[in-house]
>>> print(open('work15.tsv').read())   # TSV, C-alpha atoms
chain	number	residue	atom	x	y	z
A	1	MET	CA	-0.18	4.62	5.73
A	2	GLY	CA	0.10	8.21	6.73
A	3	LYS	CA	-0.65	7.39	10.31
A	4	GLU	CA	2.37	5.21	10.70
A	5	ILE	CA	4.74	8.14	10.57
A	6	ASN	CA	4.60	10.04	13.81
A	7	TYR	CA	5.72	7.51	16.32
A	8	PRO	CA	5.86	9.28	19.65
A	9	ASN	CA	7.17	6.29	21.55
A	10	GLN	CA	10.11	5.58	19.36
A	11	SER	CA	13.65	6.70	19.31
A	12	LYS	CA	14.08	10.14	17.76
A	13	LYS	CA	16.90	8.89	15.63
A	14	ILE	CA	15.35	6.44	13.28
A	15	PHE	CA	17.61	6.10	10.30
A	16	ALA	CA	20.40	8.12	8.83
A	17	ILE	CA	19.79	9.77	5.52
A	18	THR	CA	22.23	9.25	2.73
A	19	THR	CA	21.07	11.68	0.09
A	20	PRO	CA	18.64	14.60	0.07
A	21	THR	CA	16.49	12.77	-2.44
A	22	MET	CA	15.87	9.93	-0.02
A	23	PRO	CA	13.90	11.38	2.87
A	24	LYS	CA	14.05	9.96	6.37
A	25	ARG	CA	10.38	9.37	6.24
A	26	ASN	CA	10.76	6.65	3.69
A	27	TYR	CA	13.40	4.95	5.72
A	28	GLN	CA	11.29	5.15	8.80
A	29	LYS	CA	8.44	3.68	6.86
A	30	ALA	CA	10.62	0.92	5.43
A	31	ASN	CA	9.77	-1.38	8.31
A	32	LEU	CA	6.21	-0.23	8.46
A	33	GLY	CA	4.77	-0.77	5.05
A	34	ALA	CA	6.79	1.29	2.60
A	35	ASN	CA	7.52	-1.87	0.69
A	36	PHE	CA	3.81	-2.53	0.34
A	37	GLU	CA	3.25	1.07	-0.72
A	38	ASN	CA	6.04	0.78	-3.31
A	39	GLN	CA	4.48	-2.39	-4.65
A	40	ILE	CA	1.14	-0.66	-5.05
A	41	ASN	CA	2.83	2.33	-6.67
A	42	ASP	CA	4.65	0.01	-9.06
A	43	SER	CA	1.36	-1.69	-9.87
A	44	CYS	CA	-0.25	1.69	-10.59
A	45	ALA	CA	2.71	2.62	-12.81
A	46	TYR	CA	2.31	-0.68	-14.66
A	47	TYR	CA	-1.44	-0.15	-15.15
A	48	LEU	CA	-0.82	3.38	-16.41
A	49	GLN	CA	1.93	2.33	-18.78
A	50	LYS	CA	-0.32	-0.35	-20.26
A	51	GLY	CA	-3.19	2.13	-20.59
A	52	ILE	CA	-5.28	0.03	-18.19
A	53	ALA	CA	-5.92	2.54	-15.41
A	54	SER	CA	-4.78	5.91	-14.12
A	55	ILE	CA	-4.44	5.61	-10.35
A	56	TYR	CA	-2.10	7.70	-8.22
A	57	LYS	CA	-1.10	7.98	-4.61
A	58	LYS	CA	-2.02	11.37	-3.23
A	59	PRO	CA	0.82	13.42	-1.78
A	60	THR	CA	1.13	13.45	2.00
A	61	PRO	CA	-0.56	16.63	3.23
A	62	ILE	CA	1.89	19.02	4.84
A	63	GLN	CA	1.19	22.18	6.77
A	64	ILE	CA	3.87	24.63	5.70
A	65	VAL	CA	4.80	27.26	8.28
A	66	LYS	CA	8.06	28.78	7.09
A	67	VAL	CA	9.84	28.95	3.77
A	68	ASP	CA	13.32	30.29	3.07
A	69	TYR	CA	14.82	31.25	-0.26
A	70	PRO	CA	18.52	30.40	0.02
A	71	SER	CA	18.96	30.73	-3.71
A	72	ARG	CA	16.92	32.71	-6.17
A	73	ASN	CA	15.13	29.80	-7.71
A	74	LYS	CA	14.63	27.26	-4.97
A	75	ALA	CA	12.23	27.62	-2.09
A	76	ARG	CA	13.32	25.70	0.99
A	77	ILE	CA	10.67	24.77	3.52
A	78	VAL	CA	12.25	25.03	6.96
A	79	GLU	CA	9.23	24.48	9.17
A	80	ALA	CA	6.33	22.23	8.38
A	81	TYR	CA	4.18	19.55	9.98
A	82	TYR	CA	2.30	16.49	8.85
A	83	LYS	CA	-1.41	17.09	8.51
A	84	THR	CA	-4.27	14.65	8.79
A	85	PRO	CA	-5.22	13.51	5.30
A	86	SER	CA	-8.71	14.63	4.20
A	87	THR	CA	-9.35	11.48	2.25
A	88	THR	CA	-7.51	8.29	1.38
A	89	ASP	CA	-4.18	7.20	-0.08
A	90	TYR	CA	-5.09	6.40	-3.66
A	91	ASN	CA	-7.63	7.35	-6.27
A	92	GLY	CA	-8.08	7.31	-10.01
A	93	ILE	CA	-9.98	5.81	-12.91
A	94	TYR	CA	-10.39	2.26	-14.20
A	95	GLN	CA	-12.90	1.01	-16.77
A	96	GLY	CA	-14.66	4.34	-16.46
A	97	TYR	CA	-15.12	3.83	-12.72
A	98	TYR	CA	-13.83	6.15	-10.06
A	99	ILE	CA	-11.54	4.08	-7.82
A	100	ASP	CA	-10.65	5.08	-4.26
A	101	PHE	CA	-8.81	3.12	-1.62
A	102	GLU	CA	-6.78	3.25	1.54
A	103	ALA	CA	-3.71	1.01	1.83
A	104	LYS	CA	-2.56	-0.43	5.13
A	105	CYS	CA	0.14	-2.77	6.27
A	106	CYS	CA	-0.82	-4.84	9.32
A	107	HIS	CA	2.09	-6.30	11.28
A	108	SER	CA	-0.08	-8.33	13.62
A	109	THR	CA	-2.96	-10.66	12.83
A	110	SER	CA	-5.60	-8.08	13.66
A	111	PHE	CA	-6.25	-4.67	12.13
A	112	SER	CA	-7.26	-2.12	14.74
A	113	PHE	CA	-9.67	0.69	13.85
A	114	GLY	CA	-7.15	2.94	15.56
A	115	HIS	CA	-5.11	2.72	12.36
A	116	ILE	CA	-7.67	4.33	10.13
A	117	TYR	CA	-9.49	7.62	10.55
A	118	GLU	CA	-13.25	7.59	10.91
A	119	HIS	CA	-13.55	10.25	8.21
A	120	GLN	CA	-11.64	7.98	5.83
A	121	ILE	CA	-14.16	5.19	6.40
A	122	TYR	CA	-16.96	7.66	5.68
A	123	HIS	CA	-15.15	9.00	2.65
A	124	LEU	CA	-14.92	5.48	1.19
A	125	ASP	CA	-18.61	5.01	1.93
A	126	THR	CA	-19.49	8.30	0.20
A	127	VAL	CA	-17.53	7.27	-2.88
A	128	GLU	CA	-19.34	3.95	-3.03
A	129	ARG	CA	-22.74	5.58	-2.64
A	130	MET	CA	-21.85	7.95	-5.50
A	131	GLY	CA	-21.13	5.04	-7.81
A	132	GLY	CA	-17.40	4.66	-7.33
A	133	ILE	CA	-15.48	1.59	-6.19
A	134	ALA	CA	-13.99	2.02	-2.73
A	135	PHE	CA	-12.10	-0.36	-0.51
A	136	LEU	CA	-9.36	-1.02	2.00
A	137	ILE	CA	-6.35	-2.95	0.75
A	138	ILE	CA	-4.31	-4.53	3.50
A	139	GLU	CA	-1.11	-6.47	3.67
A	140	PHE	CA	-0.38	-9.06	6.33
A	141	PRO	CA	3.40	-9.50	6.07
A	142	LEU	CA	3.29	-12.33	8.64
A	143	LYS	CA	1.03	-14.25	6.30
A	144	GLN	CA	2.55	-12.83	3.12
A	145	GLU	CA	-0.96	-12.11	1.93
A	146	VAL	CA	-2.86	-9.06	0.70
A	147	TYR	CA	-6.62	-8.67	1.03
A	148	ILE	CA	-9.19	-6.23	-0.24
A	149	LEU	CA	-12.15	-5.38	1.97
A	150	PRO	CA	-15.00	-3.53	0.20
A	151	SER	CA	-15.92	-0.27	1.89
A	152	ALA	CA	-19.43	-1.55	2.74
A	153	LEU	CA	-17.95	-4.33	4.90
A	154	LEU	CA	-15.40	-1.98	6.43
A	155	LYS	CA	-18.15	0.44	7.39
A	156	GLU	CA	-20.37	-2.37	8.74
A	157	LYS	CA	-17.61	-3.65	11.01
A	158	TYR	CA	-16.70	-0.15	12.09
A	159	LEU	CA	-20.28	0.68	13.05
A	160	LEU	CA	-20.45	-2.57	15.05
A	161	SER	CA	-17.29	-1.52	16.89
A	162	LEU	CA	-18.98	1.75	17.85
A	163	GLN	CA	-21.87	-0.24	19.31
A	164	GLY	CA	-19.62	-2.20	21.63
A	165	GLY	CA	-18.31	-4.71	19.11
A	166	ARG	CA	-14.68	-5.58	18.45
A	167	LYS	CA	-12.39	-2.62	17.86
A	168	SER	CA	-10.47	-4.49	15.20
A	169	ILE	CA	-10.85	-6.81	12.22
A	170	SER	CA	-8.99	-10.09	12.49
A	171	TYR	CA	-6.94	-11.70	9.76
A	172	GLU	CA	-9.50	-14.54	9.70
A	173	GLU	CA	-12.28	-12.06	8.95
A	174	PHE	CA	-10.31	-10.62	6.04
A	175	LYS	CA	-9.76	-14.20	4.88
A	176	ASN	CA	-13.46	-15.04	5.19
A	177	VAL	CA	-15.16	-11.95	3.78
A	178	GLY	CA	-12.32	-10.13	2.01
A	179	TYR	CA	-10.76	-10.84	-1.36
A	180	LEU	CA	-7.27	-12.27	-1.64
A	181	VAL	CA	-5.14	-10.25	-4.05
A	182	LYS	CA	-2.86	-12.12	-6.38
A	183	LYS	CA	0.79	-11.13	-6.06
A	184	GLY	CA	3.18	-11.43	-8.91
A	185	PHE	CA	6.01	-9.83	-10.80
A	186	GLN	CA	4.20	-7.34	-13.02
A	187	PRO	CA	2.09	-5.91	-11.51
A	188	PRO	CA	3.43	-6.82	-8.04
A	189	ILE	CA	-0.07	-6.51	-6.51
A	190	ASP	CA	-2.76	-7.07	-9.10
A	191	PHE	CA	-5.59	-5.39	-7.19
A	192	LEU	CA	-7.54	-4.62	-10.36
A	193	GLN	CA	-8.31	-8.35	-10.70
A	194	VAL	CA	-10.44	-7.97	-7.58
A	195	VAL	CA	-11.93	-4.71	-8.86
A	196	ASP	CA	-12.93	-6.62	-12.01
A	197	MET	CA	-14.99	-8.94	-9.79
A	198	PHE	CA	-16.70	-5.94	-8.20
A	199	ILE	CA	-17.53	-4.52	-11.62
A	200	GLU	CA	-18.85	-7.88	-12.82
A	201	LYS	CA	-21.11	-8.11	-9.76
A	202	ARG	CA	-22.51	-4.65	-10.48
A	203	ASN	CA	-23.16	-5.48	-14.10
A	204	ASN	CA	-24.98	-8.66	-13.07
A	205	LYS	CA	-27.23	-6.62	-10.81
A	206	LYS	CA	-28.26	-4.31	-13.65
B	1	MET	CA	7.23	34.29	12.74
B	2	GLY	CA	6.82	37.69	11.28
B	3	LYS	CA	10.28	37.70	9.77
B	4	GLU	CA	10.74	39.05	6.32
B	5	ILE	CA	11.33	36.56	3.58
B	6	ASN	CA	13.23	37.07	0.38
B	7	TYR	CA	10.97	36.19	-2.46
B	8	PRO	CA	12.75	35.81	-5.76
B	9	ASN	CA	11.87	38.56	-8.20
B	10	GLN	CA	9.52	40.16	-5.74
B	11	SER	CA	9.61	42.80	-3.11
B	12	LYS	CA	11.25	41.56	0.04
B	13	LYS	CA	8.44	42.69	2.23
B	14	ILE	CA	5.45	40.60	1.35
B	15	PHE	CA	3.15	40.06	4.27
B	16	ALA	CA	3.55	39.50	7.93
B	17	ILE	CA	2.27	36.21	9.22
B	18	THR	CA	0.02	36.21	12.18
B	19	THR	CA	-0.36	32.58	13.14
B	20	PRO	CA	1.55	29.39	12.40
B	21	THR	CA	-1.58	27.89	10.88
B	22	MET	CA	-1.54	30.41	8.08
B	23	PRO	CA	1.52	29.65	6.02
B	24	LYS	CA	3.40	32.41	4.27
B	25	ARG	CA	3.05	30.62	0.98
B	26	ASN	CA	-0.69	31.18	0.99
B	27	TYR	CA	-0.14	34.87	1.40
B	28	GLN	CA	2.25	34.83	-1.48
B	29	LYS	CA	-0.36	32.98	-3.51
B	30	ALA	CA	-3.02	35.47	-2.50
B	31	ASN	CA	-2.05	37.63	-5.42
B	32	LEU	CA	-1.76	34.68	-7.72
B	33	GLY	CA	-5.03	32.89	-7.54
B	34	ALA	CA	-5.54	31.71	-3.96
B	35	ASN	CA	-8.91	33.37	-3.96
B	36	PHE	CA	-9.92	31.38	-7.03
B	37	GLU	CA	-8.61	28.21	-5.40
B	38	ASN	CA	-10.59	28.97	-2.24
B	39	GLN	CA	-13.72	29.49	-4.27
B	40	ILE	CA	-13.28	26.14	-5.96
B	41	ASN	CA	-12.58	24.50	-2.61
B	42	ASP	CA	-15.72	26.07	-1.18
B	43	SER	CA	-17.68	24.83	-4.17
B	44	CYS	CA	-16.32	21.30	-3.63
B	45	ALA	CA	-17.24	21.51	0.06
B	46	TYR	CA	-20.74	22.61	-0.91
B	47	TYR	CA	-21.14	19.77	-3.42
B	48	LEU	CA	-19.91	17.27	-0.84
B	49	GLN	CA	-22.19	18.58	1.87
B	50	LYS	CA	-25.18	18.30	-0.43
B	51	GLY	CA	-24.18	14.78	-1.47
B	52	ILE	CA	-23.74	15.94	-5.06
B	53	ALA	CA	-20.08	15.14	-5.64
B	54	SER	CA	-16.90	14.19	-3.81
B	55	ILE	CA	-14.09	16.26	-5.30
B	56	TYR	CA	-10.94	17.27	-3.44
B	57	LYS	CA	-7.84	19.29	-4.09
B	58	LYS	CA	-4.77	17.11	-3.91
B	59	PRO	CA	-2.14	18.15	-1.37
B	60	THR	CA	0.90	19.99	-2.71
B	61	PRO	CA	3.63	17.41	-3.18
B	62	ILE	CA	6.59	18.00	-0.89
B	63	GLN	CA	9.96	16.30	-0.87
B	64	ILE	CA	10.85	15.84	2.76
B	65	VAL	CA	14.54	15.77	3.54
B	66	LYS	CA	14.86	16.17	7.28
B	67	VAL	CA	12.50	15.68	10.19
B	68	ASP	CA	13.10	16.58	13.82
B	69	TYR	CA	11.23	15.37	16.84
B	70	PRO	CA	11.31	18.32	19.23
B	71	SER	CA	8.59	16.84	21.38
B	72	ARG	CA	7.60	13.24	21.81
B	73	ASN	CA	4.44	13.45	19.77
B	74	LYS	CA	5.07	15.93	17.00
B	75	ALA	CA	7.33	15.45	14.04
B	76	ARG	CA	8.69	18.74	12.72
B	77	ILE	CA	9.85	18.88	9.14
B	78	VAL	CA	12.90	21.16	9.02
B	79	GLU	CA	14.02	20.67	5.46
B	80	ALA	CA	11.77	20.06	2.51
B	81	TYR	CA	11.20	21.24	-1.04
B	82	TYR	CA	8.28	21.66	-3.38
B	83	LYS	CA	8.02	18.88	-5.90
B	84	THR	CA	6.52	18.89	-9.37
B	85	PRO	CA	2.98	17.51	-9.14
B	86	SER	CA	2.48	14.16	-10.91
B	87	THR	CA	-1.02	14.98	-11.98
B	88	THR	CA	-3.49	17.83	-11.57
B	89	ASP	CA	-5.02	19.93	-8.80
B	90	TYR	CA	-8.42	18.31	-8.34
B	91	ASN	CA	-10.10	14.98	-8.80
B	92	GLY	CA	-13.10	13.08	-7.54
B	93	ILE	CA	-16.45	11.62	-8.48
B	94	TYR	CA	-19.69	13.12	-9.81
B	95	GLN	CA	-22.69	11.28	-11.24
B	96	GLY	CA	-20.57	8.14	-11.28
B	97	TYR	CA	-17.98	9.85	-13.48
B	98	TYR	CA	-14.36	10.30	-12.58
B	99	ILE	CA	-13.66	14.04	-12.65
B	100	ASP	CA	-10.17	15.51	-13.04
B	101	PHE	CA	-9.12	19.09	-13.61
B	102	GLU	CA	-6.40	21.66	-13.31
B	103	ALA	CA	-7.28	25.12	-11.99
B	104	LYS	CA	-5.47	28.24	-13.15
B	105	CYS	CA	-5.76	31.93	-12.56
B	106	CYS	CA	-4.70	34.04	-15.54
B	107	HIS	CA	-3.81	37.66	-14.75
B	108	SER	CA	-3.39	38.69	-18.36
B	109	THR	CA	-5.67	38.09	-21.33
B	110	SER	CA	-3.66	35.15	-22.61
B	111	PHE	CA	-2.84	31.83	-20.95
B	112	SER	CA	0.69	30.72	-21.74
B	113	PHE	CA	1.49	27.00	-21.99
B	114	GLY	CA	4.40	27.83	-19.75
B	115	HIS	CA	1.92	27.82	-16.88
B	116	ILE	CA	0.93	24.19	-17.22
B	117	TYR	CA	3.13	21.11	-17.36
B	118	GLU	CA	3.08	19.01	-20.48
B	119	HIS	CA	2.56	15.86	-18.38
B	120	GLN	CA	-0.54	17.47	-16.86
B	121	ILE	CA	-2.01	18.01	-20.33
B	122	TYR	CA	-1.31	14.37	-21.13
B	123	HIS	CA	-2.72	13.25	-17.80
B	124	LEU	CA	-6.00	15.04	-18.56
B	125	ASP	CA	-6.03	13.43	-21.99
B	126	THR	CA	-5.44	9.98	-20.47
B	127	VAL	CA	-8.33	10.48	-18.06
B	128	GLU	CA	-10.62	11.49	-20.90
B	129	ARG	CA	-9.61	8.50	-23.02
B	130	MET	CA	-10.36	6.23	-20.05
B	131	GLY	CA	-13.88	7.55	-19.77
B	132	GLY	CA	-13.41	10.31	-17.21
B	133	ILE	CA	-14.23	13.99	-17.55
B	134	ALA	CA	-11.12	16.15	-17.68
B	135	PHE	CA	-10.66	19.85	-18.20
B	136	LEU	CA	-8.85	23.07	-17.43
B	137	ILE	CA	-10.76	25.62	-15.36
B	138	ILE	CA	-9.39	29.13	-15.66
B	139	GLU	CA	-10.17	32.44	-14.06
B	140	PHE	CA	-9.59	35.78	-15.77
B	141	PRO	CA	-9.73	38.27	-12.90
B	142	LEU	CA	-9.45	41.19	-15.34
B	143	LYS	CA	-12.67	40.01	-16.96
B	144	GLN	CA	-14.18	38.60	-13.78
B	145	GLU	CA	-14.97	35.44	-15.70
B	146	VAL	CA	-14.23	31.75	-15.31
B	147	TYR	CA	-14.05	29.32	-18.24
B	148	ILE	CA	-13.78	25.59	-18.63
B	149	LEU	CA	-11.79	24.21	-21.54
B	150	PRO	CA	-12.30	20.47	-22.20
B	151	SER	CA	-9.05	18.51	-22.21
B	152	ALA	CA	-9.47	17.58	-25.89
B	153	LEU	CA	-9.33	21.26	-26.89
B	154	LEU	CA	-6.47	21.95	-24.50
B	155	LYS	CA	-4.47	19.11	-26.00
B	156	GLU	CA	-5.33	20.19	-29.56
B	157	LYS	CA	-4.09	23.73	-28.93
B	158	TYR	CA	-1.01	22.47	-27.14
B	159	LEU	CA	-0.07	20.15	-30.01
B	160	LEU	CA	-0.47	23.06	-32.43
B	161	SER	CA	1.88	25.14	-30.28
B	162	LEU	CA	4.49	22.39	-30.58
B	163	GLN	CA	4.16	22.56	-34.34
B	164	GLY	CA	4.98	26.24	-34.44
B	165	GLY	CA	1.59	27.58	-33.45
B	166	ARG	CA	0.86	30.08	-30.69
B	167	LYS	CA	2.40	29.29	-27.32
B	168	SER	CA	-0.67	30.50	-25.50
B	169	ILE	CA	-4.46	30.48	-25.54
B	170	SER	CA	-6.10	33.88	-25.66
B	171	TYR	CA	-9.06	35.00	-23.59
B	172	GLU	CA	-11.04	35.25	-26.85
B	173	GLU	CA	-10.38	31.60	-27.60
B	174	PHE	CA	-11.63	30.58	-24.15
B	175	LYS	CA	-14.66	32.75	-24.81
B	176	ASN	CA	-15.24	31.18	-28.23
B	177	VAL	CA	-14.62	27.49	-27.59
B	178	GLY	CA	-14.65	27.22	-23.80
B	179	TYR	CA	-17.61	27.17	-21.45
B	180	LEU	CA	-18.41	30.11	-19.21
B	181	VAL	CA	-18.88	29.02	-15.60
B	182	LYS	CA	-21.67	30.62	-13.63
B	183	LYS	CA	-20.51	32.34	-10.47
B	184	GLY	CA	-22.70	32.74	-7.48
B	185	PHE	CA	-22.97	32.57	-3.75
B	186	GLN	CA	-23.37	28.87	-3.11
B	187	PRO	CA	-21.47	27.30	-4.76
B	188	PRO	CA	-19.20	30.25	-5.62
B	189	ILE	CA	-18.11	28.59	-8.88
B	190	ASP	CA	-20.71	26.15	-10.14
B	191	PHE	CA	-18.43	24.17	-12.44
B	192	LEU	CA	-20.63	21.07	-12.26
B	193	GLN	CA	-23.23	22.88	-14.37
B	194	VAL	CA	-20.72	22.72	-17.22
B	195	VAL	CA	-19.88	19.10	-16.40
B	196	ASP	CA	-23.61	18.36	-16.69
B	197	MET	CA	-23.46	19.60	-20.27
B	198	PHE	CA	-20.51	17.30	-20.99
B	199	ILE	CA	-22.41	14.35	-19.52
B	200	GLU	CA	-25.52	15.20	-21.55
B	201	LYS	CA	-23.44	15.34	-24.73
B	202	ARG	CA	-22.03	11.91	-24.00
B	203	ASN	CA	-25.45	10.45	-23.31
B	204	ASN	CA	-26.74	11.87	-26.60
B	205	LYS	CA	-23.90	10.17	-28.44
B	206	LYS	CA	-24.83	6.76	-27.02
>>> encode(input="work15.tsv", output="structure tokens")
Amino acid sequence: MGKEINYPNQSKKIFAITTPTMPKRNYQKANLGANFENQINDSCAYYLQKGIASIYKKPTPIQIVKVDYPSRNKARIVEAYYKTPSTTDYNGIYQGYYIDFEAKCCHSTSFSFGHIYEHQIYHLDTVERMGGIAFLIIEFPLKQEVYILPSALLKEKYLLSLQGGRKSISYEEFKNVGYLVKKGFQPPIDFLQVVDMFIEKRNNKK
Amino acid sequence: MGKEINYPNQSKKIFAITTPTMPKRNYQKANLGANFENQINDSCAYYLQKGIASIYKKPTPIQIVKVDYPSRNKARIVEAYYKTPSTTDYNGIYQGYYIDFEAKCCHSTSFSFGHIYEHQIYHLDTVERMGGIAFLIIEFPLKQEVYILPSALLKEKYLLSLQGGRKSISYEEFKNVGYLVKKGFQPPIDFLQVVDMFIEKRNNKK
């Protein structure tokens, strides 16, 4: 989701801020997937509270350039820039497995590879090769559906795109080869149900 | 750039900055363990490059309050504050295990519990209960030694401190019940050697 922040072709004034605890960035993201992110965060909080899993969103990486100290106990950052994330949005532990995923909100019916970094695709692949469970979770608000695409399929499609194939993954492809995630009240997005299927598959292979 | 900053409780003149890519904060941290952090980061980079493990430092969490758009393609954060981290410094995957640890540099011969958040101690404990490998890694520059303390021992000592026990863990205790980490050239801090011992212990219990 990190990539959806710096919109060069948009108005500079996005939203007004009301309080210092509610940063502009969240407002800007409100139309662009913050709701989805909040739902995943709420799901993670639910899993943690129930002792099911410990999965967290990583902080957005910031390059800090200048810090002021207006009062004696509070550092104020006065110049900083968004950095490219090294890895993915979320990671943690579930059923003893290392879990790692990137979350995206797709406002069309096709997910362009321009919305994910190549090194993130490779990171997910590395995790999977090391025995973790890695995937892309994607929301299609137009369809009101959420899908999980295992990292192996994501990588496969990405490599095809590099060889002249399509530069995007269509909603139909997610529907055909991805896994629909059940939405509900608690947790709002029960992505661990799909992870359970992945774990079952692995155990069957053993 | 190059302006003096008022650091609370410190000399006003700290260091001059040379380039915008080297934030002042890192200079400030230079005395406080940045070298240790860099050595761990280098070790993680080495492990990753060799395909041994994928472990990353989490970005410092920042609360962003105000963002400007001075040019069309670069968002500049002009007001932000450091936030309390939800979890710990590092996490990732090794040998299929979820790895999670907090890194500290201790400039005396006693590590005070004031230097770690209670919720971080509980986070490490949660990870361990869920089947991950969680610990505190600590450098004693005065002794030129690095120790790993498993989260179970950290929690035990912390709980004792709440019941009127010592509010710190001495260097001797780390020496007695912790695990000395071998230092070298590549990786500079070979903490996975200690993790190997933890994994072996677990396998022997099975």
>>> atom_distance(input="work15.tsv", atom1="atom CA of B:Gly96", atom2="atom CA of B:Gly178")
23.6 Å
>>> closest_residue(input="work15.tsv", among="A:Lys83, A:Lys205, A:Arg129, A:His119", to="A:Ile64", atoms="all atoms listed in the file")
A:Lys83
>>> residues_around(input="work15.tsv", residues="A:Ala134", least_positions_apart="3", cutoff="7 Å", atoms="only C-alpha atoms", output="ChimeraX atom specification")
/A:99-101,124,127-128,150-151
>>> residues_around(input="work15.tsv", residues="stretch 187-192 of chain B", least_positions_apart="6", cutoff="10 Å", atoms="only C-alpha atoms", output="PyMOL selection string")
chain B and resi 36+38-47+52-53+94+99+137+146-148+179-181+198
>>> atom_distance(input="work15.tsv", atom1="atom CA of A:Ser54", atom2="atom CA of A:Tyr98")
9.9 Å
>>> closest_residue(input="work15.tsv", among="B:Met130, B:Ile55, B:Leu154, B:Ile169", to="chain A", atoms="only C-alpha atoms")
B:Met130
>>> closest_residue(input="work15.tsv", among="A:Ile121, A:Leu162, A:Ile133, A:Val65", to="chain B", atoms="all atoms listed in the file")
A:Val65
>>> axis_aligned_box(input="work15.tsv", around="stretch 42-54 of chain A", padding_each_side="3 Å", output="AutoDock Vina command-line options")
--center_x -0.6 --center_y 2.1 --center_z -14.8 --size_x 16.6 --size_y 13.6 --size_z 17.5
>>> residues_near_point(input="work15.tsv", point="(-11.5, -4.3, 16.8)", cutoff="10 Å", atoms="all atoms listed in the file", output="PyMOL selection string")
chain A and resi 110-114+157-158+160-162+164-170
>>> write_last_selection(input="work15.tsv", atoms="C-alpha atoms", output="PDB file, in the frame of the given file")
ATOM      1  CA  SER A 110      -5.600  -8.080  13.660  1.00  0.00           C
ATOM      2  CA  PHE A 111      -6.250  -4.670  12.130  1.00  0.00           C
ATOM      3  CA  SER A 112      -7.260  -2.120  14.740  1.00  0.00           C
ATOM      4  CA  PHE A 113      -9.670   0.690  13.850  1.00  0.00           C
ATOM      5  CA  GLY A 114      -7.150   2.940  15.560  1.00  0.00           C
ATOM      6  CA  LYS A 157     -17.610  -3.650  11.010  1.00  0.00           C
ATOM      7  CA  TYR A 158     -16.700  -0.150  12.090  1.00  0.00           C
ATOM      8  CA  LEU A 160     -20.450  -2.570  15.050  1.00  0.00           C
ATOM      9  CA  SER A 161     -17.290  -1.520  16.890  1.00  0.00           C
ATOM     10  CA  LEU A 162     -18.980   1.750  17.850  1.00  0.00           C
ATOM     11  CA  GLY A 164     -19.620  -2.200  21.630  1.00  0.00           C
ATOM     12  CA  GLY A 165     -18.310  -4.710  19.110  1.00  0.00           C
ATOM     13  CA  ARG A 166     -14.680  -5.580  18.450  1.00  0.00           C
ATOM     14  CA  LYS A 167     -12.390  -2.620  17.860  1.00  0.00           C
ATOM     15  CA  SER A 168     -10.470  -4.490  15.200  1.00  0.00           C
ATOM     16  CA  ILE A 169     -10.850  -6.810  12.220  1.00  0.00           C
ATOM     17  CA  SER A 170      -8.990 -10.090  12.490  1.00  0.00           C
TER      18      SER A 170
END
>>> atom_distance(input="work15.tsv", atom1="atom CA of A:Val194", atom2="atom CA of A:Gln95")
13.1 Å
>>> closest_residue(input="work15.tsv", among="A:Gly131, A:Gly33, A:Pro70, A:Pro85", to="chain B", atoms="only C-alpha atoms")
A:Gly131
